[in-house]
Amino acid sequence: MKRNNLTTVCLCGVFATQTMIAADRDRPNIIYIMSDDHASQAVSAYGGILSDILPTPNIDRIGHEGAILQNCFVTNSISTPSRGAIITGQYSQKNGVYTLEDPLDPDHPNVAKCLQQAGYQTAIIGKWHLHAEPTGFDYYNVLPGQGRYIDPMLIEKGKWGG
């Protein structure tokens, strides 16, 4: 089976994965963008009150070429527990991330690990905020903790804890 590796991208709180294409069947590229603290009104593709004042043409283009979700809800609106719920698909009482200080257990199952098992390359770049080293990613380059927004320092895979 011949496979071509494609690049995986994730920017600033953006979680993204792209695919390795198997010769016997095509699989879609998957790019998941998770931006921090953006209400739907802050993305002009949703046509909210800020669309004309603060347009987001690049995010809009990605959405219009892919999918724009019109009816979404969060299971936890607090930053770290919400990230834990999103990456594991589980409520806080199952994944152990209850507060801003709780780490996600590196051995816990997550969507990146499932995608790797399916033959995808995975990466995360930007805000991680789950305190323990990211697992399930072929590559990562993440902000430590909350992160510094001006001249940010990032931790690249292989350099965690250094």
# chains A, B, ... in the order shown; residues from 1 in each chain; ligands from 1
call {"tool": "residues_around", "arguments": {"residues": "segment 138-151 of chain A", "least_positions_apart": "5", "cutoff": "6 Å", "atoms": "only C-alpha atoms", "output": "list in words"}}
result
Thr122, Ala123, Ile124, Ile125, Gly126, Lys127, Trp128, His129, Glu156 and Lys157 of chain A
call {"tool": "select_by_dssp", "arguments": {"residues": "segment 81-145 of chain A", "states": "strand (DSSP E)", "output": "NGL selection string"}}
result
:A and (121-127 or 139-143)
call {"tool": "write_last_selection", "arguments": {"atoms": "all heavy atoms", "output": "short mmCIF file (atom, residue, chain, number, x, y, z; two decimals), in the first residue's frame"}}
result
data_model
loop_
_atom_site.label_atom_id
_atom_site.label_comp_id
_atom_site.auth_asym_id
_atom_site.auth_seq_id
_atom_site.Cartn_x
_atom_site.Cartn_y
_atom_site.Cartn_z
N GLN A 121 -1.60 11.65 10.17
CA GLN A 121 -0.57 12.40 10.86
C GLN A 121 -1.29 13.48 11.66
O GLN A 121 -2.25 14.06 11.17
CB GLN A 121 0.39 13.07 9.89
CG GLN A 121 1.30 12.11 9.17
CD GLN A 121 2.24 12.86 8.26
OE1 GLN A 121 1.82 13.76 7.54
NE2 GLN A 121 3.50 12.49 8.28
N THR A 122 -0.81 13.75 12.86
CA THR A 122 -1.48 14.74 13.71
C THR A 122 -0.49 15.77 14.23
O THR A 122 0.70 15.47 14.41
CB THR A 122 -2.15 14.04 14.91
OG1 THR A 122 -1.16 13.38 15.67
CG2 THR A 122 -3.22 13.05 14.46
N ALA A 123 -0.98 16.96 14.47
CA ALA A 123 -0.14 18.02 15.02
C ALA A 123 -1.01 19.02 15.74
O ALA A 123 -2.20 19.15 15.44
CB ALA A 123 0.65 18.72 13.92
N ILE A 124 -0.41 19.70 16.67
CA ILE A 124 -1.06 20.84 17.33
C ILE A 124 -0.02 21.94 17.47
O ILE A 124 1.13 21.68 17.84
CB ILE A 124 -1.69 20.48 18.69
CG1 ILE A 124 -2.42 21.69 19.27
CG2 ILE A 124 -0.66 19.94 19.65
CD1 ILE A 124 -3.32 21.37 20.45
N ILE A 125 -0.43 23.15 17.13
CA ILE A 125 0.44 24.31 17.26
C ILE A 125 -0.40 25.41 17.88
O ILE A 125 -1.51 25.68 17.43
CB ILE A 125 0.99 24.78 15.89
CG1 ILE A 125 1.79 23.66 15.25
CG2 ILE A 125 1.83 26.04 16.04
CD1 ILE A 125 2.16 23.89 13.81
N GLY A 126 0.11 26.00 18.94
CA GLY A 126 -0.60 27.09 19.59
C GLY A 126 -0.90 26.77 21.04
O GLY A 126 -0.12 26.14 21.72
N LYS A 127 -2.06 27.19 21.48
CA LYS A 127 -2.42 27.04 22.89
C LYS A 127 -2.83 25.62 23.20
O LYS A 127 -3.75 25.08 22.61
CB LYS A 127 -3.56 28.00 23.24
CG LYS A 127 -3.86 28.04 24.72
CD LYS A 127 -4.88 29.11 25.02
CE LYS A 127 -5.20 29.15 26.49
NZ LYS A 127 -6.19 30.18 26.79
N TYR A 139 3.61 15.81 15.89
CA TYR A 139 4.35 17.06 16.06
C TYR A 139 3.53 17.97 16.94
O TYR A 139 2.31 18.00 16.85
CB TYR A 139 4.60 17.74 14.70
CG TYR A 139 5.28 19.07 14.83
CD1 TYR A 139 6.67 19.16 15.00
CD2 TYR A 139 4.57 20.26 14.79
CE1 TYR A 139 7.31 20.38 15.14
CE2 TYR A 139 5.20 21.49 14.93
CZ TYR A 139 6.57 21.55 15.10
OH TYR A 139 7.20 22.75 15.25
N TYR A 140 4.21 18.71 17.80
CA TYR A 140 3.56 19.81 18.51
C TYR A 140 4.54 20.93 18.73
O TYR A 140 5.75 20.73 18.78
CB TYR A 140 2.89 19.36 19.82
CG TYR A 140 3.81 18.92 20.93
CD1 TYR A 140 4.54 19.84 21.68
CD2 TYR A 140 3.94 17.58 21.26
CE1 TYR A 140 5.37 19.44 22.71
CE2 TYR A 140 4.77 17.17 22.30
CZ TYR A 140 5.48 18.11 23.01
OH TYR A 140 6.30 17.70 24.03
N ASN A 141 4.01 22.12 18.85
CA ASN A 141 4.74 23.33 19.19
C ASN A 141 3.74 24.22 19.90
O ASN A 141 2.94 24.90 19.26
CB ASN A 141 5.32 23.98 17.93
CG ASN A 141 6.53 24.85 18.24
OD1 ASN A 141 6.93 25.00 19.38
ND2 ASN A 141 7.10 25.44 17.20
N VAL A 142 3.73 24.15 21.23
CA VAL A 142 2.64 24.73 22.01
C VAL A 142 3.12 25.79 22.99
O VAL A 142 4.27 25.78 23.43
CB VAL A 142 1.86 23.63 22.77
CG1 VAL A 142 1.19 22.68 21.80
CG2 VAL A 142 2.74 22.87 23.74
N LEU A 143 2.20 26.67 23.35
CA LEU A 143 2.45 27.66 24.38
C LEU A 143 2.45 26.99 25.74
O LEU A 143 1.56 26.18 26.02
CB LEU A 143 1.33 28.72 24.37
CG LEU A 143 1.23 29.61 23.15
CD1 LEU A 143 -0.12 30.30 23.11
CD2 LEU A 143 2.35 30.63 23.17
#
call {"tool": "residues_around", "arguments": {"residues": "Leu115 of chain A", "least_positions_apart": "2", "cutoff": "10 Å", "atoms": "only C-alpha atoms", "output": "list in words"}}
result
Thr17, Gln18, Thr19, Ile30, Asn110, Val111, Ala112, Lys113, Gln117, Ala118, Gly119, Tyr120, Gln121, Thr122, Gly136 and Phe137 of chain A
call {"tool": "write_last_selection", "arguments": {"atoms": "N, CA, C and O atoms", "output": "short mmCIF file (atom, residue, chain, number, x, y, z; two decimals), in the first residue's frame"}}
result
data_model
loop_
_atom_site.label_atom_id
_atom_site.label_comp_id
_atom_site.auth_asym_id
_atom_site.auth_seq_id
_atom_site.Cartn_x
_atom_site.Cartn_y
_atom_site.Cartn_z
N THR A 17 -5.53 18.28 11.80
CA THR A 17 -4.92 17.04 11.33
C THR A 17 -5.14 16.92 9.85
O THR A 17 -6.13 17.38 9.31
N GLN A 18 -4.21 16.34 9.19
CA GLN A 18 -4.38 16.01 7.78
C GLN A 18 -4.03 14.55 7.60
O GLN A 18 -3.50 13.90 8.48
N THR A 19 -4.29 14.05 6.43
CA THR A 19 -4.30 12.61 6.21
C THR A 19 -3.11 12.07 5.46
O THR A 19 -2.47 12.77 4.72
N ILE A 30 -8.39 16.65 7.44
CA ILE A 30 -9.19 17.20 8.54
C ILE A 30 -8.39 18.32 9.17
O ILE A 30 -7.25 18.12 9.59
N ASN A 110 -7.48 10.17 23.43
CA ASN A 110 -7.92 11.45 22.86
C ASN A 110 -8.09 11.31 21.34
O ASN A 110 -7.70 10.30 20.75
N VAL A 111 -8.66 12.32 20.74
CA VAL A 111 -8.98 12.26 19.31
C VAL A 111 -7.72 12.14 18.46
O VAL A 111 -7.72 11.45 17.43
N ALA A 112 -6.62 12.76 18.87
CA ALA A 112 -5.38 12.67 18.10
C ALA A 112 -4.88 11.23 18.07
O ALA A 112 -4.41 10.74 17.03
N LYS A 113 -4.96 10.53 19.18
CA LYS A 113 -4.53 9.12 19.23
C LYS A 113 -5.41 8.26 18.32
O LYS A 113 -4.92 7.37 17.64
N GLN A 117 -4.18 6.13 14.98
CA GLN A 117 -4.48 4.71 14.79
C GLN A 117 -5.13 4.47 13.43
O GLN A 117 -5.00 3.39 12.86
N ALA A 118 -5.82 5.48 12.91
CA ALA A 118 -6.47 5.36 11.61
C ALA A 118 -5.52 5.73 10.46
O ALA A 118 -5.93 5.77 9.31
N GLY A 119 -4.25 6.02 10.78
CA GLY A 119 -3.26 6.31 9.74
C GLY A 119 -3.05 7.77 9.44
O GLY A 119 -2.37 8.11 8.47
N TYR A 120 -3.61 8.67 10.23
CA TYR A 120 -3.44 10.10 10.02
C TYR A 120 -2.19 10.59 10.72
O TYR A 120 -1.76 10.05 11.73
N GLN A 121 -1.60 11.65 10.17
CA GLN A 121 -0.57 12.40 10.86
C GLN A 121 -1.29 13.48 11.66
O GLN A 121 -2.25 14.06 11.17
N THR A 122 -0.81 13.75 12.86
CA THR A 122 -1.48 14.74 13.71
C THR A 122 -0.49 15.77 14.23
O THR A 122 0.70 15.47 14.41
N GLY A 136 -0.29 11.83 21.43
CA GLY A 136 -1.12 11.52 20.27
C GLY A 136 -0.80 12.40 19.08
O GLY A 136 -1.46 12.33 18.06
N PHE A 137 0.22 13.23 19.21
CA PHE A 137 0.57 14.15 18.14
C PHE A 137 1.95 13.79 17.59
O PHE A 137 2.91 13.63 18.34
#
call {"tool": "closest_residue", "arguments": {"among": "A:Ser79, A:Ile87, A:Gln93, A:Asp26", "to": "Pro134 of chain A", "atoms": "only C-alpha atoms"}}
result
A:Ile87
call {"tool": "select_by_dssp", "arguments": {"residues": "segment 2-135 of chain A", "states": "helix (DSSP H, G or I)", "output": "ChimeraX atom specification"}}
result
/A:40-42,44-46,57-65,79-88,92-95,111-117
call {"tool": "write_last_selection", "arguments": {"atoms": "N, CA and C atoms", "output": "short mmCIF file (atom, residue, chain, number, x, y, z; two decimals), in the first residue's frame"}}
result
data_model
loop_
_atom_site.label_atom_id
_atom_site.label_comp_id
_atom_site.auth_asym_id
_atom_site.auth_seq_id
_atom_site.Cartn_x
_atom_site.Cartn_y
_atom_site.Cartn_z
N SER A 40 -19.30 33.41 18.36
CA SER A 40 -19.67 33.38 16.94
C SER A 40 -19.73 34.79 16.35
N GLN A 41 -20.04 35.79 17.16
CA GLN A 41 -20.09 37.17 16.65
C GLN A 41 -18.70 37.67 16.23
N ALA A 42 -17.64 37.00 16.69
CA ALA A 42 -16.28 37.44 16.36
C ALA A 42 -15.75 36.81 15.08
N SER A 44 -16.73 36.56 11.15
CA SER A 44 -17.69 37.18 10.23
C SER A 44 -18.46 36.18 9.38
N ALA A 45 -17.97 34.96 9.23
CA ALA A 45 -18.70 33.94 8.46
C ALA A 45 -20.08 33.65 9.07
N TYR A 46 -20.23 33.93 10.34
CA TYR A 46 -21.52 33.71 11.01
C TYR A 46 -22.48 34.88 10.85
N PRO A 57 -11.66 37.33 6.98
CA PRO A 57 -11.74 36.73 5.65
C PRO A 57 -11.07 35.36 5.53
N ASN A 58 -9.95 35.15 6.20
CA ASN A 58 -9.27 33.86 6.06
C ASN A 58 -10.03 32.74 6.77
N ILE A 59 -10.52 33.01 7.97
CA ILE A 59 -11.35 32.03 8.67
C ILE A 59 -12.63 31.78 7.87
N ASP A 60 -13.22 32.85 7.33
CA ASP A 60 -14.45 32.73 6.53
C ASP A 60 -14.23 31.83 5.32
N ARG A 61 -13.11 32.03 4.62
CA ARG A 61 -12.80 31.22 3.43
C ARG A 61 -12.69 29.75 3.79
N ILE A 62 -11.96 29.47 4.86
CA ILE A 62 -11.82 28.08 5.30
C ILE A 62 -13.18 27.49 5.62
N GLY A 63 -14.01 28.25 6.31
CA GLY A 63 -15.35 27.78 6.65
C GLY A 63 -16.22 27.54 5.43
N HIS A 64 -16.20 28.47 4.49
CA HIS A 64 -17.04 28.34 3.29
C HIS A 64 -16.58 27.20 2.39
N GLU A 65 -15.29 26.88 2.41
CA GLU A 65 -14.79 25.76 1.61
C GLU A 65 -14.95 24.42 2.34
N SER A 79 -11.92 27.40 30.06
CA SER A 79 -10.85 27.11 29.12
C SER A 79 -10.25 25.71 29.20
N THR A 80 -9.54 25.39 30.26
CA THR A 80 -8.84 24.11 30.33
C THR A 80 -9.80 22.93 30.34
N PRO A 81 -10.85 22.93 31.18
CA PRO A 81 -11.79 21.81 31.12
C PRO A 81 -12.49 21.67 29.76
N SER A 82 -12.74 22.79 29.10
CA SER A 82 -13.35 22.73 27.77
C SER A 82 -12.41 22.07 26.78
N ARG A 83 -11.14 22.43 26.82
CA ARG A 83 -10.14 21.80 25.94
C ARG A 83 -10.05 20.30 26.23
N GLY A 84 -10.08 19.95 27.51
CA GLY A 84 -10.06 18.54 27.87
C GLY A 84 -11.25 17.79 27.31
N ALA A 85 -12.44 18.40 27.39
CA ALA A 85 -13.66 17.78 26.86
C ALA A 85 -13.60 17.65 25.35
N ILE A 86 -13.09 18.67 24.69
CA ILE A 86 -13.03 18.65 23.22
C ILE A 86 -12.05 17.58 22.73
N ILE A 87 -10.87 17.51 23.31
CA ILE A 87 -9.86 16.57 22.81
C ILE A 87 -10.17 15.12 23.18
N THR A 88 -10.89 14.91 24.31
CA THR A 88 -11.20 13.53 24.72
C THR A 88 -12.60 13.10 24.34
N SER A 92 -15.78 16.38 32.09
CA SER A 92 -14.69 16.51 33.06
C SER A 92 -14.64 15.36 34.05
N GLN A 93 -15.78 14.86 34.48
CA GLN A 93 -15.76 13.77 35.47
C GLN A 93 -15.19 12.48 34.89
N LYS A 94 -15.09 12.38 33.57
CA LYS A 94 -14.47 11.21 32.92
C LYS A 94 -13.01 11.44 32.55
N ASN A 95 -12.67 12.67 32.13
CA ASN A 95 -11.29 12.91 31.70
C ASN A 95 -10.41 13.49 32.80
N VAL A 111 -8.66 12.32 20.74
CA VAL A 111 -8.98 12.26 19.31
C VAL A 111 -7.72 12.14 18.46
N ALA A 112 -6.62 12.76 18.87
CA ALA A 112 -5.38 12.67 18.10
C ALA A 112 -4.88 11.23 18.07
N LYS A 113 -4.96 10.53 19.18
CA LYS A 113 -4.53 9.12 19.23
C LYS A 113 -5.41 8.26 18.32
N CYS A 114 -6.71 8.53 18.31
CA CYS A 114 -7.62 7.77 17.44
C CYS A 114 -7.29 8.02 15.97
N LEU A 115 -7.00 9.28 15.63
CA LEU A 115 -6.65 9.60 14.25
C LEU A 115 -5.32 8.96 13.85
N GLN A 116 -4.36 8.92 14.76
CA GLN A 116 -3.09 8.24 14.47
C GLN A 116 -3.33 6.76 14.18
N GLN A 117 -4.18 6.13 14.98
CA GLN A 117 -4.48 4.71 14.79
C GLN A 117 -5.13 4.47 13.43
#
call {"tool": "decode", "arguments": {"residues": "segment 83-106 of chain A", "atoms": "N, CA and C atoms", "output": "PDB file, in the first residue's frame"}}
result
ATOM      1  N   ARG A  83     -11.135  22.425  26.817  1.00  0.00           N
ATOM      2  CA  ARG A  83     -10.143  21.799  25.941  1.00  0.00           C
ATOM      3  C   ARG A  83     -10.048  20.305  26.229  1.00  0.00           C
ATOM      4  N   GLY A  84     -10.085  19.952  27.507  1.00  0.00           N
ATOM      5  CA  GLY A  84     -10.055  18.536  27.870  1.00  0.00           C
ATOM      6  C   GLY A  84     -11.250  17.786  27.309  1.00  0.00           C
ATOM      7  N   ALA A  85     -12.442  18.404  27.393  1.00  0.00           N
ATOM      8  CA  ALA A  85     -13.656  17.775  26.865  1.00  0.00           C
ATOM      9  C   ALA A  85     -13.597  17.646  25.348  1.00  0.00           C
ATOM     10  N   ILE A  86     -13.090  18.669  24.685  1.00  0.00           N
ATOM     11  CA  ILE A  86     -13.029  18.649  23.223  1.00  0.00           C
ATOM     12  C   ILE A  86     -12.054  17.576  22.730  1.00  0.00           C
ATOM     13  N   ILE A  87     -10.870  17.507  23.312  1.00  0.00           N
ATOM     14  CA  ILE A  87      -9.864  16.566  22.806  1.00  0.00           C
ATOM     15  C   ILE A  87     -10.170  15.122  23.184  1.00  0.00           C
ATOM     16  N   THR A  88     -10.892  14.911  24.308  1.00  0.00           N
ATOM     17  CA  THR A  88     -11.197  13.531  24.716  1.00  0.00           C
ATOM     18  C   THR A  88     -12.603  13.096  24.337  1.00  0.00           C
ATOM     19  N   GLY A  89     -13.493  14.067  24.090  1.00  0.00           N
ATOM     20  CA  GLY A  89     -14.888  13.730  23.832  1.00  0.00           C
ATOM     21  C   GLY A  89     -15.614  13.302  25.103  1.00  0.00           C
ATOM     22  N   GLN A  90     -15.054  13.665  26.243  1.00  0.00           N
ATOM     23  CA  GLN A  90     -15.629  13.251  27.523  1.00  0.00           C
ATOM     24  C   GLN A  90     -15.847  14.450  28.445  1.00  0.00           C
ATOM     25  N   TYR A  91     -16.862  14.320  29.313  1.00  0.00           N
ATOM     26  CA  TYR A  91     -17.080  15.314  30.352  1.00  0.00           C
ATOM     27  C   TYR A  91     -15.910  15.306  31.333  1.00  0.00           C
ATOM     28  N   SER A  92     -15.783  16.377  32.094  1.00  0.00           N
ATOM     29  CA  SER A  92     -14.694  16.510  33.059  1.00  0.00           C
ATOM     30  C   SER A  92     -14.636  15.355  34.054  1.00  0.00           C
ATOM     31  N   GLN A  93     -15.778  14.861  34.482  1.00  0.00           N
ATOM     32  CA  GLN A  93     -15.760  13.773  35.473  1.00  0.00           C
ATOM     33  C   GLN A  93     -15.186  12.484  34.889  1.00  0.00           C
ATOM     34  N   LYS A  94     -15.086  12.383  33.568  1.00  0.00           N
ATOM     35  CA  LYS A  94     -14.473  11.209  32.925  1.00  0.00           C
ATOM     36  C   LYS A  94     -13.009  11.440  32.551  1.00  0.00           C
ATOM     37  N   ASN A  95     -12.672  12.669  32.134  1.00  0.00           N
ATOM     38  CA  ASN A  95     -11.291  12.912  31.696  1.00  0.00           C
ATOM     39  C   ASN A  95     -10.406  13.489  32.795  1.00  0.00           C
ATOM     40  N   GLY A  96     -10.987  13.897  33.934  1.00  0.00           N
ATOM     41  CA  GLY A  96     -10.207  14.372  35.073  1.00  0.00           C
ATOM     42  C   GLY A  96      -9.778  15.818  35.024  1.00  0.00           C
ATOM     43  N   VAL A  97     -10.229  16.587  34.035  1.00  0.00           N
ATOM     44  CA  VAL A  97      -9.844  18.000  33.925  1.00  0.00           C
ATOM     45  C   VAL A  97     -11.032  18.851  34.390  1.00  0.00           C
ATOM     46  N   TYR A  98     -10.996  19.267  35.661  1.00  0.00           N
ATOM     47  CA  TYR A  98     -12.098  20.013  36.275  1.00  0.00           C
ATOM     48  C   TYR A  98     -11.853  21.507  36.366  1.00  0.00           C
ATOM     49  N   THR A  99     -10.581  21.907  36.519  1.00  0.00           N
ATOM     50  CA  THR A  99     -10.248  23.310  36.771  1.00  0.00           C
ATOM     51  C   THR A  99      -9.193  23.791  35.775  1.00  0.00           C
ATOM     52  N   LEU A 100      -8.849  25.064  35.875  1.00  0.00           N
ATOM     53  CA  LEU A 100      -7.803  25.635  35.021  1.00  0.00           C
ATOM     54  C   LEU A 100      -6.433  25.030  35.310  1.00  0.00           C
ATOM     55  N   GLU A 101      -6.254  24.408  36.462  1.00  0.00           N
ATOM     56  CA  GLU A 101      -4.956  23.873  36.872  1.00  0.00           C
ATOM     57  C   GLU A 101      -4.805  22.372  36.640  1.00  0.00           C
ATOM     58  N   ASP A 102      -5.887  21.661  36.334  1.00  0.00           N
ATOM     59  CA  ASP A 102      -5.824  20.207  36.187  1.00  0.00           C
ATOM     60  C   ASP A 102      -5.158  19.805  34.872  1.00  0.00           C
ATOM     61  N   PRO A 103      -4.186  18.881  34.937  1.00  0.00           N
ATOM     62  CA  PRO A 103      -3.574  18.383  33.702  1.00  0.00           C
ATOM     63  C   PRO A 103      -4.421  17.274  33.082  1.00  0.00           C
ATOM     64  N   LEU A 104      -4.300  17.114  31.783  1.00  0.00           N
ATOM     65  CA  LEU A 104      -4.895  15.961  31.103  1.00  0.00           C
ATOM     66  C   LEU A 104      -3.885  14.828  31.192  1.00  0.00           C
ATOM     67  N   ASP A 105      -4.304  13.714  31.766  1.00  0.00           N
ATOM     68  CA  ASP A 105      -3.431  12.556  31.904  1.00  0.00           C
ATOM     69  C   ASP A 105      -2.917  12.151  30.518  1.00  0.00           C
ATOM     70  N   PRO A 106      -1.586  12.128  30.326  1.00  0.00           N
ATOM     71  CA  PRO A 106      -1.033  11.777  29.009  1.00  0.00           C
ATOM     72  C   PRO A 106      -1.453  10.392  28.520  1.00  0.00           C
TER      73      PRO A 106
END
